Amino acid sequence: MGAYKYERLDKNNAAIIILDMQEGLYSLARDYDSVQYRNSMYAHAEIGKIFDLPVVMSTSAQSGPNGPLPNEFLEMYPKVSVVKRQGEVNAWDNAEFQEAVKATGKSQIIVAGIVTDVCTAFLALSLRDAGYSVWANHEASGTTTVDIRENANDRMRDAGVQVVSYFAVVCELMRDWRNTPGAAELFPVLDRYLPAYGMVARSHRAAIEDGVVQPGEDVLP
């Protein structure tokens with residue numbers, strides 16, 4: 001028996017937080033290509049819909065320059081009330097936000113937000129202090145520089161936060177392509193948000209429907 005215990009994300013015990021992914025803050029996410037980062041934000045937001053997870057959404061001073069969450073997020077979760085923080089930098093300092101997280105009844109929290117070193121990191125550290133297991137989707141958290149991002153991710157790792165990719169989150173929640181949600185539900189989503197993997201599925205479909213073994217391919221091992 002190894003000394004390390006691998007804690008796996010469990011779709012029956014996980015909740016997702018969409019944190020400060022506000023239209024006015026989007027421009028601060030400069031550590032990723034802007035198109036790539038927008039894609040990652042939307043991919044993160046849709047995880048809750050795909051796996052039917054409890055969702056907590058929060059904004060910081062959205063009536064000011066930070067702005068609102070994208071309308072698409074609100075349309076994904078019409079029954080979820082956005083926790084509109086008026087001053088608290090760390091979402092955990094807001095009583096309404098704390099109650100929303102506790103009301104999910106889940107002990108595993110998936111989080112991403114803008115900016116990585118403040119909004120995401122402060123909340124992740126507070127959640128760890130409160131006894132939660134935390135998965136930080138690093139692709140969907142953005143900040144001003146790569147150096148700041150890496151230092152923030154290191155700080156979270158030191159506190160026991162699992163800093164992971166979008167695909168890692170999806171695959172841990174799914175576990176088996178034969179599950180539900182599984183291949184049928186996820187290939188269309190991955191085709192939108194992880195096109196490299198979506199093209200694998202498209203290529204396989206094309207090969208089955210109209211594939212011809214080319215000369216030379218037939219002798220490959």
# chains A, B, ... in the order shown; residues from 1 in each chain; ligands from 1
call {"tool": "residues_around", "arguments": {"residues": "Ser133 (chain A)", "least_positions_apart": "2", "cutoff": "9 Å", "atoms": "only C-alpha atoms", "output": "list in words"}}
result
Glu7, Ser107, Gln108, Ile109, Ile110, Leu127, Arg128, Gly131, Trp135, Gly160, Val161 and Gln162 of chain A
call {"tool": "write_last_selection", "arguments": {"atoms": "N, CA and C atoms", "output": "compact mmCIF listing (two decimals), in the first residue's frame"}}
result
# COMPACT_ATOMS: atom_id res chain seq x y z
N GLU A 7 -7.03 10.86 -4.42
CA GLU A 7 -8.43 11.25 -4.32
C GLU A 7 -8.93 11.62 -5.71
N SER A 107 -18.25 17.99 -0.98
CA SER A 107 -16.96 18.24 -0.33
C SER A 107 -15.83 18.47 -1.33
N GLN A 108 -16.10 18.23 -2.62
CA GLN A 108 -15.10 18.46 -3.66
C GLN A 108 -15.54 19.67 -4.50
N ILE A 109 -14.67 20.66 -4.57
CA ILE A 109 -15.01 21.90 -5.25
C ILE A 109 -14.06 22.13 -6.43
N ILE A 110 -14.64 22.36 -7.61
CA ILE A 110 -13.89 22.69 -8.82
C ILE A 110 -14.03 24.19 -9.03
N LEU A 127 -11.02 27.58 0.97
CA LEU A 127 -11.76 26.32 0.91
C LEU A 127 -10.96 25.18 1.53
N ARG A 128 -9.67 25.15 1.27
CA ARG A 128 -8.81 24.13 1.89
C ARG A 128 -8.82 24.28 3.40
N GLY A 131 -11.74 22.79 5.00
CA GLY A 131 -11.87 21.34 4.96
C GLY A 131 -12.30 20.75 3.63
N TRP A 135 -10.14 21.44 -6.58
CA TRP A 135 -9.53 21.26 -7.90
C TRP A 135 -9.57 22.59 -8.62
N GLY A 160 -2.29 21.99 -0.96
CA GLY A 160 -3.02 20.76 -1.24
C GLY A 160 -4.11 20.90 -2.29
N VAL A 161 -4.12 22.03 -3.00
CA VAL A 161 -5.06 22.19 -4.11
C VAL A 161 -4.57 21.39 -5.30
N GLN A 162 -5.47 20.68 -5.96
CA GLN A 162 -5.12 19.94 -7.18
C GLN A 162 -5.25 20.91 -8.35
call {"tool": "select_by_dssp", "arguments": {"residues": "chain A", "states": "strand (DSSP E or B)", "output": "MDAnalysis selection string"}}
result
chainID A and resid 14:19 55:60 83:85 108:114 133:137 142 162:164
call {"tool": "residues_around", "arguments": {"residues": "Leu53 (chain A)", "least_positions_apart": "2", "cutoff": "8 Å", "atoms": "only C-alpha atoms", "output": "PyMOL selection string"}}
result
chain A and resi 11-12+14-16+47-51+55
call {"tool": "write_last_selection", "arguments": {"atoms": "N, CA, C and O atoms", "output": "compact mmCIF listing (two decimals), in the first residue's frame"}}
result
# COMPACT_ATOMS: atom_id res chain seq x y z
N LYS A 11 -18.41 12.68 -9.44
CA LYS A 11 -19.49 13.54 -9.92
C LYS A 11 -20.66 13.62 -8.94
O LYS A 11 -21.48 14.54 -9.01
N ASN A 12 -20.73 12.66 -8.02
CA ASN A 12 -21.79 12.68 -7.01
C ASN A 12 -21.41 13.46 -5.76
O ASN A 12 -22.23 13.62 -4.86
N ALA A 14 -19.21 16.45 -6.12
CA ALA A 14 -18.49 17.62 -6.60
C ALA A 14 -19.45 18.76 -6.94
O ALA A 14 -20.59 18.54 -7.35
N ALA A 15 -18.96 19.97 -6.73
CA ALA A 15 -19.66 21.19 -7.14
C ALA A 15 -18.67 22.05 -7.92
O ALA A 15 -17.45 21.88 -7.79
N ILE A 16 -19.19 22.97 -8.73
CA ILE A 16 -18.32 23.81 -9.54
C ILE A 16 -18.60 25.28 -9.27
O ILE A 16 -19.76 25.68 -9.09
N ILE A 47 -19.13 22.57 -17.60
CA ILE A 47 -18.92 21.31 -16.88
C ILE A 47 -20.10 20.99 -15.97
O ILE A 47 -20.55 19.84 -15.88
N GLY A 48 -20.61 22.01 -15.29
CA GLY A 48 -21.74 21.77 -14.39
C GLY A 48 -22.96 21.26 -15.11
O GLY A 48 -23.68 20.39 -14.60
N LYS A 49 -23.20 21.77 -16.31
CA LYS A 49 -24.35 21.34 -17.10
C LYS A 49 -24.20 19.91 -17.58
O LYS A 49 -25.14 19.11 -17.52
N ILE A 50 -23.00 19.57 -18.03
CA ILE A 50 -22.76 18.23 -18.58
C ILE A 50 -22.94 17.16 -17.50
O ILE A 50 -23.57 16.12 -17.73
N PHE A 51 -22.37 17.42 -16.32
CA PHE A 51 -22.37 16.41 -15.27
C PHE A 51 -23.44 16.63 -14.20
O PHE A 51 -23.48 15.92 -13.20
N VAL A 55 -23.92 24.31 -9.01
CA VAL A 55 -23.11 25.42 -9.53
C VAL A 55 -23.27 26.63 -8.62
O VAL A 55 -24.38 26.97 -8.21
call {"tool": "closest_residue", "arguments": {"among": "A:Ser165, A:Thr116, A:Ser27, A:Gln22", "to": "Leu69 (chain A)", "atoms": "only C-alpha atoms"}}
result
A:Gln22
call {"tool": "residues_around", "arguments": {"residues": "region 31-37 of chain A", "least_positions_apart": "6", "cutoff": "6 Å", "atoms": "only C-alpha atoms", "output": "number ranges by chain"}}
result
A: 143-146
call {"tool": "closest_atom_pairs", "arguments": {"of": "region 114-213 of chain A", "to": "region 41-45 of chain A", "cutoff": "9 Å", "atoms": "only C-alpha atoms", "output": "CSV"}}
result
residue,atom,partner,partner_atom,distance
A:Asn137,CA,A:His44,CA,7.7
A:Glu139,CA,A:Met41,CA,8.0
A:Ala140,CA,A:Met41,CA,5.0
A:Ser141,CA,A:Met41,CA,7.7
A:Tyr166,CA,A:His44,CA,6.9
A:Val189,CA,A:Ala43,CA,8.3
A:Leu190,CA,A:Ala43,CA,8.8
A:Arg192,CA,A:Ala43,CA,8.5
A:Tyr193,CA,A:Ala43,CA,5.9
A:Leu194,CA,A:Ala43,CA,8.7
call {"tool": "atom_distance", "arguments": {"atom1": "CA of Pro221 (chain A)", "atom2": "CA of Arg202 (chain A)"}}
result
23.6 Å
call {"tool": "closest_residue", "arguments": {"among": "A:Arg38, A:Lys84, A:Ala159, A:Gly113", "to": "Gly142 (chain A)", "atoms": "only C-alpha atoms"}}
result
A:Gly113
call {"tool": "closest_residue", "arguments": {"among": "A:Glu217, A:Asp147, A:Asp93, A:Met199", "to": "Cys119 (chain A)", "atoms": "only C-alpha atoms"}}
result
A:Asp93
call {"tool": "select_by_dssp", "arguments": {"residues": "region 5-165 of chain A", "states": "alpha helix (DSSP H)", "output": "number ranges by chain"}}
result
A: 34-51, 71-76, 95-103, 121-129, 146-158
